[in-house]
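Raw contents of data35.cif, mmCIF, C-alpha atoms and all ligand atoms:
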data_structure
#
loop_
_atom_site.label_atom_id
_atom_site.label_comp_id
_atom_site.auth_asym_id
_atom_site.auth_seq_id
_atom_site.Cartn_x
_atom_site.Cartn_y
_atom_site.Cartn_z
CA MET M 1 39.27 -43.05 -266.85
CA SER M 2 42.62 -44.82 -266.28
CA SER M 3 41.81 -45.59 -262.62
CA ASP M 4 38.60 -47.41 -263.69
CA LEU M 5 40.31 -49.74 -266.13
CA PRO M 6 40.45 -53.50 -265.41
CA THR M 7 43.87 -54.88 -264.48
CA GLY M 8 45.88 -55.73 -267.53
CA PHE M 9 43.84 -53.42 -269.80
CA GLN M 10 46.06 -52.12 -272.60
CA THR M 11 45.00 -48.63 -273.59
CA GLU M 12 47.11 -48.83 -276.74
CA LEU M 13 45.48 -52.05 -277.98
CA LEU M 14 41.96 -50.91 -278.72
CA PRO M 15 39.66 -51.75 -281.61
CA VAL M 16 39.37 -49.03 -284.23
CA HIS M 17 35.69 -49.77 -284.80
CA VAL M 18 33.25 -51.20 -282.26
CA ALA M 19 29.77 -52.24 -283.44
CA ILE M 20 26.98 -53.13 -281.03
CA ILE M 21 23.66 -54.94 -281.46
CA MET M 22 21.83 -53.40 -278.54
CA ASP M 23 19.30 -56.06 -277.61
CA GLY M 24 17.12 -56.98 -274.64
CA ASN M 25 15.17 -53.81 -273.79
CA GLY M 26 11.80 -55.57 -274.03
CA ARG M 27 12.84 -58.48 -271.82
CA TRP M 28 14.36 -56.07 -269.30
CA ALA M 29 10.99 -54.35 -268.96
CA LYS M 30 9.01 -57.60 -268.95
CA LYS M 31 11.08 -58.97 -266.07
CA ARG M 32 9.96 -55.94 -264.09
CA LEU M 33 6.33 -56.20 -265.22
CA MET M 34 6.73 -52.92 -267.05
CA ASN M 35 5.81 -51.84 -270.55
CA ARG M 36 8.48 -52.45 -273.24
CA VAL M 37 8.68 -48.67 -273.64
CA LYS M 38 10.34 -48.45 -270.22
CA GLY M 39 12.99 -50.84 -271.43
CA HIS M 40 13.71 -48.65 -274.43
CA GLU M 41 13.92 -45.60 -272.18
CA ARG M 42 16.45 -47.29 -269.92
CA GLY M 43 18.24 -48.61 -272.99
CA SER M 44 18.86 -45.08 -274.21
CA GLU M 45 20.63 -44.35 -270.91
CA THR M 46 22.99 -47.21 -271.69
CA VAL M 47 23.64 -45.72 -275.13
CA ARG M 48 24.67 -42.48 -273.49
CA SER M 49 27.13 -44.23 -271.19
CA VAL M 50 28.63 -46.43 -273.92
CA VAL M 51 29.13 -43.44 -276.23
CA ARG M 52 30.88 -41.56 -273.44
CA THR M 53 33.20 -44.45 -272.53
CA THR M 54 34.05 -45.11 -276.18
CA ARG M 55 34.95 -41.47 -276.72
CA LYS M 56 37.02 -41.28 -273.54
CA LEU M 57 39.02 -44.33 -274.54
CA GLY M 58 39.78 -42.72 -277.90
CA ILE M 59 38.14 -45.43 -280.03
CA PRO M 60 37.53 -43.67 -283.36
CA TYR M 61 34.38 -45.47 -284.61
CA LEU M 62 31.29 -46.68 -282.78
CA SER M 63 28.30 -48.11 -284.66
CA LEU M 64 25.03 -48.88 -282.93
CA TYR M 65 22.27 -51.07 -284.35
CA ALA M 66 19.25 -49.13 -283.11
CA PHE M 67 16.44 -50.13 -285.50
CA SER M 68 16.35 -52.83 -288.15
CA THR M 69 14.31 -53.01 -291.35
CA GLU M 70 12.47 -55.91 -289.67
CA ASN M 71 11.66 -53.77 -286.62
CA TRP M 72 9.06 -51.90 -288.73
CA GLU M 73 6.88 -55.01 -288.19
CA ARG M 74 6.57 -54.24 -284.47
CA PRO M 75 3.36 -52.70 -283.09
CA LYS M 76 2.84 -49.13 -284.28
CA THR M 77 2.97 -47.73 -280.74
CA GLU M 78 6.34 -49.34 -280.06
CA VAL M 79 7.77 -48.02 -283.33
CA ALA M 80 6.44 -44.55 -282.50
CA THR M 81 8.07 -44.71 -279.06
CA LEU M 82 11.40 -45.73 -280.52
CA MET M 83 11.23 -42.83 -282.97
CA SER M 84 10.43 -40.29 -280.27
CA LEU M 85 13.18 -41.67 -278.03
CA LEU M 86 15.57 -41.24 -280.90
CA ARG M 87 14.63 -37.58 -281.21
CA ARG M 88 14.99 -37.18 -277.47
CA PHE M 89 18.41 -38.82 -277.60
CA LEU M 90 19.57 -36.49 -280.37
CA ALA M 91 18.42 -33.44 -278.44
CA SER M 92 19.97 -34.53 -275.15
CA GLU M 93 23.28 -35.59 -276.72
CA ARG M 94 23.77 -32.47 -278.80
CA GLU M 95 26.04 -30.77 -276.25
CA GLU M 96 27.95 -33.98 -275.64
CA MET M 97 28.62 -34.48 -279.35
CA LEU M 98 29.63 -30.89 -279.96
CA GLY M 99 31.70 -30.66 -276.77
CA ASN M 100 33.52 -33.93 -277.39
CA ASN M 101 34.26 -33.61 -281.07
CA ILE M 102 31.91 -36.45 -282.08
CA ARG M 103 30.59 -36.66 -285.63
CA LEU M 104 27.13 -38.13 -286.01
CA ASN M 105 26.47 -40.43 -288.92
CA ALA M 106 23.38 -42.47 -289.78
CA ILE M 107 23.01 -45.41 -292.15
CA GLY M 108 20.01 -47.39 -293.36
CA GLU M 109 16.86 -46.62 -295.30
CA LEU M 110 16.70 -43.17 -293.76
CA ASP M 111 13.90 -42.04 -296.07
CA ARG M 112 11.56 -44.47 -294.29
CA LEU M 113 12.02 -42.57 -291.01
CA PRO M 114 9.37 -40.01 -290.01
CA ALA M 115 10.16 -36.57 -291.44
CA THR M 116 10.71 -35.07 -287.98
CA VAL M 117 13.31 -37.70 -287.05
CA ARG M 118 15.02 -37.30 -290.41
CA SER M 119 15.26 -33.55 -290.12
CA ASP M 120 16.66 -33.75 -286.55
CA LEU M 121 19.18 -36.31 -287.70
CA GLU M 122 20.20 -34.28 -290.70
CA ALA M 123 20.58 -31.14 -288.61
CA MET M 124 22.85 -32.95 -286.14
CA MET M 125 24.88 -34.49 -288.93
CA VAL M 126 25.42 -31.07 -290.50
CA GLU M 127 26.24 -29.50 -287.15
CA THR M 128 28.81 -32.18 -286.27
CA ALA M 129 30.21 -32.66 -289.78
CA GLY M 130 33.51 -30.95 -288.93
CA ASN M 131 34.17 -33.08 -285.81
CA ASN M 132 36.94 -35.63 -286.00
CA GLY M 133 37.28 -37.13 -282.53
CA MET M 134 34.94 -40.08 -283.11
CA VAL M 135 32.33 -41.16 -285.64
CA LEU M 136 29.10 -42.32 -284.03
CA THR M 137 27.04 -44.23 -286.58
CA LEU M 138 23.41 -44.95 -285.81
CA CYS M 139 22.07 -47.83 -287.89
CA LEU M 140 18.42 -46.93 -288.44
CA SER M 141 15.98 -48.85 -290.56
CA TYR M 142 19.11 -50.79 -291.37
CA GLY M 143 19.14 -54.20 -293.01
CA SER M 144 22.26 -55.78 -294.42
CA ARG M 145 20.54 -57.71 -297.20
CA ASP M 146 18.82 -54.57 -298.45
CA GLU M 147 22.15 -52.75 -298.26
CA LEU M 148 23.85 -55.45 -300.32
CA THR M 149 20.99 -55.57 -302.81
CA GLU M 150 21.17 -51.80 -303.22
CA ALA M 151 24.93 -52.02 -303.75
CA MET M 152 24.53 -54.75 -306.39
CA ARG M 153 21.91 -52.64 -308.15
CA ALA M 154 24.21 -49.60 -308.20
CA VAL M 155 27.08 -51.71 -309.51
CA ALA M 156 24.85 -53.25 -312.20
CA ILE M 157 23.73 -49.81 -313.35
CA LYS M 158 27.35 -48.65 -313.61
CA VAL M 159 28.18 -51.76 -315.62
CA THR M 160 25.35 -51.12 -318.09
CA GLN M 161 26.51 -47.51 -318.38
CA GLY M 162 30.03 -48.68 -319.13
CA LEU M 163 31.41 -47.06 -315.98
CA LEU M 164 32.53 -50.34 -314.40
CA ASP M 165 34.09 -53.35 -316.08
CA PRO M 166 32.56 -56.57 -314.66
CA ALA M 167 35.77 -58.48 -315.44
CA SER M 168 37.77 -56.33 -313.06
CA LEU M 169 35.16 -55.86 -310.36
CA SER M 170 36.83 -56.16 -306.95
CA SER M 171 35.55 -56.58 -303.41
CA ASP M 172 36.62 -52.98 -302.79
CA ASP M 173 34.22 -51.95 -305.57
CA ILE M 174 31.38 -53.66 -303.70
CA ALA M 175 32.43 -52.15 -300.35
CA ARG M 176 32.46 -48.69 -301.91
CA HIS M 177 28.76 -49.06 -302.71
CA LEU M 178 27.68 -50.04 -299.20
CA TYR M 179 26.31 -47.56 -296.64
CA THR M 180 29.57 -48.12 -294.77
CA ALA M 181 31.81 -46.96 -297.63
CA ASP M 182 33.48 -44.40 -295.34
CA LEU M 183 33.88 -46.69 -292.35
CA PRO M 184 36.50 -49.36 -291.63
CA ASP M 185 35.10 -52.84 -290.98
CA PRO M 186 34.26 -53.41 -287.29
CA ASP M 187 37.04 -55.03 -285.26
CA LEU M 188 34.68 -55.97 -282.45
CA LEU M 189 30.98 -56.82 -282.48
CA ILE M 190 29.08 -56.99 -279.20
CA ARG M 191 25.54 -58.36 -278.96
CA THR M 192 23.73 -58.19 -275.64
CA SER M 193 20.73 -60.20 -274.34
CA GLY M 194 22.08 -63.69 -274.97
CA GLU M 195 20.84 -64.05 -278.56
CA LEU M 196 23.44 -65.72 -280.76
CA ARG M 197 22.60 -64.26 -284.15
CA LEU M 198 23.31 -61.28 -286.37
CA SER M 199 19.70 -60.35 -287.22
CA ASN M 200 20.66 -58.90 -290.61
CA PHE M 201 23.49 -56.71 -289.31
CA MET M 202 26.58 -55.91 -291.42
CA LEU M 203 26.85 -59.33 -293.05
CA TRP M 204 29.60 -58.20 -295.40
CA GLN M 205 31.48 -55.97 -292.98
CA LEU M 206 31.74 -58.55 -290.17
CA ALA M 207 33.76 -61.08 -292.21
CA TYR M 208 36.78 -60.90 -289.87
CA THR M 209 35.28 -59.19 -286.84
CA GLU M 210 35.74 -60.60 -283.33
CA PHE M 211 32.35 -61.45 -281.76
CA VAL M 212 31.39 -61.15 -278.11
CA PHE M 213 27.91 -62.24 -277.04
CA SER M 214 26.84 -61.13 -273.59
CA PRO M 215 23.84 -62.46 -271.65
CA THR M 216 23.25 -59.01 -270.14
CA LEU M 217 20.08 -57.20 -271.23
CA TRP M 218 20.98 -53.88 -272.85
CA PRO M 219 19.58 -51.59 -270.09
CA ASP M 220 21.79 -53.46 -267.57
CA PHE M 221 24.95 -53.24 -269.69
CA THR M 222 27.54 -51.32 -267.66
CA LYS M 223 30.73 -49.48 -268.37
CA GLU M 224 32.55 -52.16 -266.32
CA GLU M 225 31.26 -54.95 -268.56
CA TYR M 226 32.13 -52.95 -271.66
CA LEU M 227 35.70 -52.51 -270.43
CA GLU M 228 35.94 -56.25 -269.63
CA ILE M 229 34.78 -57.06 -273.18
CA LEU M 230 37.38 -54.70 -274.62
CA LYS M 231 39.97 -56.50 -272.52
CA MET M 232 38.75 -59.84 -273.91
CA PHE M 233 39.17 -58.41 -277.40
CA GLN M 234 42.78 -57.55 -276.55
CA GLU M 235 43.40 -61.19 -275.69
CA ARG M 236 42.06 -62.54 -279.00
CA ASP M 237 44.49 -63.85 -281.58
CA ARG M 238 43.35 -62.36 -284.90
CA ARG M 239 44.90 -64.43 -287.67
CA PHE M 240 42.88 -63.35 -290.71
CA GLY M 241 43.39 -66.81 -292.19
CA ARG M 242 47.14 -66.67 -291.86
CA VAL M 243 49.52 -68.49 -289.53
CA ASN M 244 50.60 -66.65 -286.44
CA ASP M 245 53.77 -68.26 -285.17
CA THR M 246 55.12 -65.47 -283.04
C1 LIG C 301 16.44 -53.90 -278.60
O1 LIG C 301 15.62 -54.46 -277.64
C2 LIG C 301 15.87 -52.66 -279.21
C3 LIG C 301 15.40 -52.80 -280.59
C4 LIG C 301 15.45 -53.89 -281.30
C5 LIG C 301 14.82 -51.64 -281.23
P1 LIG C 301 14.34 -55.32 -278.00
O2 LIG C 301 13.18 -54.42 -278.11
O3 LIG C 301 14.60 -56.18 -279.19
O4 LIG C 301 14.22 -56.21 -276.70
P2 LIG C 301 13.86 -57.76 -276.62
O5 LIG C 301 14.80 -58.48 -277.52
O6 LIG C 301 12.44 -57.89 -277.05
O7 LIG C 301 14.08 -58.11 -275.18
C1 LIG C 302 18.19 -56.70 -283.64
O1 LIG C 302 17.39 -57.01 -282.55
C2 LIG C 302 17.96 -55.29 -284.07
C3 LIG C 302 18.39 -54.26 -283.14
C4 LIG C 302 19.02 -54.46 -282.02
C5 LIG C 302 18.11 -52.92 -283.55
P1 LIG C 302 15.98 -57.72 -282.71
O2 LIG C 302 15.45 -57.89 -281.34
O3 LIG C 302 15.15 -56.99 -283.68
O4 LIG C 302 16.40 -59.12 -283.35
P2 LIG C 302 15.71 -60.55 -283.29
O5 LIG C 302 14.28 -60.37 -283.65
O6 LIG C 302 15.87 -61.05 -281.90
O7 LIG C 302 16.49 -61.38 -284.26
MG MG C 303 15.36 -58.02 -279.40
#

Please express the file's structure as structure tokens.
Ligand code: IPE
Ligand code: IPE
Ligand code: MG
Amino acid sequence: MSSDLPTGFQTELLPVHVAIIMDGNGRWAKKRLMNRVKGHERGSETVRSVVRTTRKLGIPYLSLYAFSTENWERPKTEVATLMSLLRRFLASEREEMLGNNIRLNAIGELDRLPATVRSDLEAMMVETAGNNGMVLTLCLSYGSRDELTEAMRAVAIKVTQGLLDPASLSSDDIARHLYTADLPDPDLLIRTSGELRLSNFMLWQLAYTEFVFSPTLWPDFTKEEYLEILKMFQERDRRFGRVNDT
């Protein structure tokens, strides 16, 4: 890996948590006069390569936005393809996850997923539960507003039960009720395909995240570009609202 790194890349200055909005599969296929399905197929190749690079670099958390709550509104055939590609991905990455100490995690309204997908996911999560080299979180049927609403509901219930005191409610209390309770906030968010929006992704968790928007369509996203983006992250001055006079 070290020989492939861009000049000036600092292996000790990496984000702890990288989150990616993987966008542009449909446009990639359209440009080639192919069905959108082809774009999703090629997109899953990119996922494989990004997971591998992230693991090799030693970045401990990678979260991938793979399917949003809004994506259920897409044509049935496209949704079905995405679900079967997901199963295929899980099957083909099994060895990779087990061999490289990767723990699989999934967040979102998982009970809306087809039973077959859910059982494959659950099996992989159980099988990789003891791994501690990297946490790979797939965001599936994920929507940040639903996540926040669900958290507020859980908090409200605890308040009515007398388990939480509203007067002392903290932002940590809210964070503990999100799907991401066990994850640190992302340090770096990458969105491909040139769209400059969050599309309902981790609205709470991205409060102080560094954003990089790339024009590249997801199937064309390479390891080289990923490394360049990580280098850009290293050059950012993260102030968190404070003054940095060093
Ligand atoms: C990202 O690519 C994959 C998912 C959202 C599931 P798209 O399918 O959104 O591709 P574009 O944005 O239409 O090009
Ligand atoms: C966001 O992409 C969701 C995922 C990448 C899974 P979309 O393609 O669904 O977002 P919009 O429609 O461009 O906002
Ligand atoms: Mg899109």

Do you have, as CSV, the list of residues of chain M lying at most 10 Å from ligand MG 303 (chain C), each with its nearest atom pair and that distance in Å to one decimal, counting all atoms listed in the file and ordered by chain then number?
residue,atom,partner,partner_atom,distance
M:Ile21,CA,C:MG303,MG,9.1
M:Met22,CA,C:MG303,MG,8.0
M:Asp23,CA,C:MG303,MG,4.8
M:Gly24,CA,C:MG303,MG,5.2
M:Asn25,CA,C:MG303,MG,7.0
M:Gly26,CA,C:MG303,MG,6.9
M:Arg27,CA,C:MG303,MG,8.0
M:Asn71,CA,C:MG303,MG,9.2
M:Thr192,CA,C:MG303,MG,9.2
M:Ser193,CA,C:MG303,MG,7.7
M:Gly194,CA,C:MG303,MG,9.8
M:Glu195,CA,C:MG303,MG,8.2
M:Ser199,CA,C:MG303,MG,9.2
M:Leu217,CA,C:MG303,MG,9.5
M:Trp218,CA,C:MG303,MG,9.6

Residue neighbourhood Met152 in chain M, 12 Å, all atoms listed in the file, exclusion window fewer than 3 positions, as a CSV table (one decimal) with C-alpha atoms, in the coordinates of the input:
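In the end it all went to part-v2.csv:
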chain,number,residue,atom,x,y,z
M,145,ARG,CA,20.5,-57.7,-297.2
M,146,ASP,CA,18.8,-54.6,-298.4
M,147,GLU,CA,22.2,-52.8,-298.3
M,148,LEU,CA,23.8,-55.4,-300.3
M,149,THR,CA,21.0,-55.6,-302.8
M,155,VAL,CA,27.1,-51.7,-309.5
M,156,ALA,CA,24.8,-53.2,-312.2
M,157,ILE,CA,23.7,-49.8,-313.4
M,158,LYS,CA,27.4,-48.6,-313.6
M,159,VAL,CA,28.2,-51.8,-315.6
M,166,PRO,CA,32.6,-56.6,-314.7
M,169,LEU,CA,35.2,-55.9,-310.4
M,171,SER,CA,35.6,-56.6,-303.4
M,173,ASP,CA,34.2,-52.0,-305.6
M,174,ILE,CA,31.4,-53.7,-303.7
M,175,ALA,CA,32.4,-52.2,-300.4
M,176,ARG,CA,32.5,-48.7,-301.9
M,177,HIS,CA,28.8,-49.1,-302.7
M,178,LEU,CA,27.7,-50.0,-299.2

Q) For Ser214 in chain M, which residue out of M:Lys31, M:His40, M:Arg197, M:Arg191 is the nearest one, using only C-alpha atoms? A)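 Answer, going by the shortest atom-to-atom distance: M:Arg191.
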
Q. Which is closest to Ser84 in chain M among M:Leu183, M:Val51, M:Val117, M:Met34, if we use all atoms listed in the file?
A. M:Val117

Q. Looking at M:Leu110, M:Leu86, M:Leu163, M:Met134, which one is nearest to Thr69 in chain M, with distances taken over all atoms listed in the file?
A.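 Nearest to Thr69 in chain M: M:Leu110.
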
Q: Excluding Asn105 in chain M and any residue of its chain fewer than 6 positions from it, enumerate the residues within 8 Å of it, using all atoms listed in the file, and give them as number ranges by chain.
A: M: 125, 135-138

Q.
When you count all atoms listed in the file, which of these residues is closest to ligand LIG 301 (chain C): M:Asn35, M:Ser170, M:Asn131, M:Ser144?
A.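 That would be M:Asn35, the residue with the smallest distance to ligand LIG 301 (chain C).
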
Q: May I have the residues at most 8 Å from (33.9, -34.8, -273.3) in the file's coordinates, counting all atoms listed in the file, as a list in words?
A: Arg52, Arg55, Lys56, Glu96, Gly99, Asn100 and Asn101 of chain M

Q) Between CA of Glu228 in chain M and CA of Thr209 in chain M, what is the distance, to one decimal in Å? A)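 Going from CA of Glu228 in chain M over to CA of Thr209 in chain M covers 17.5 Å.
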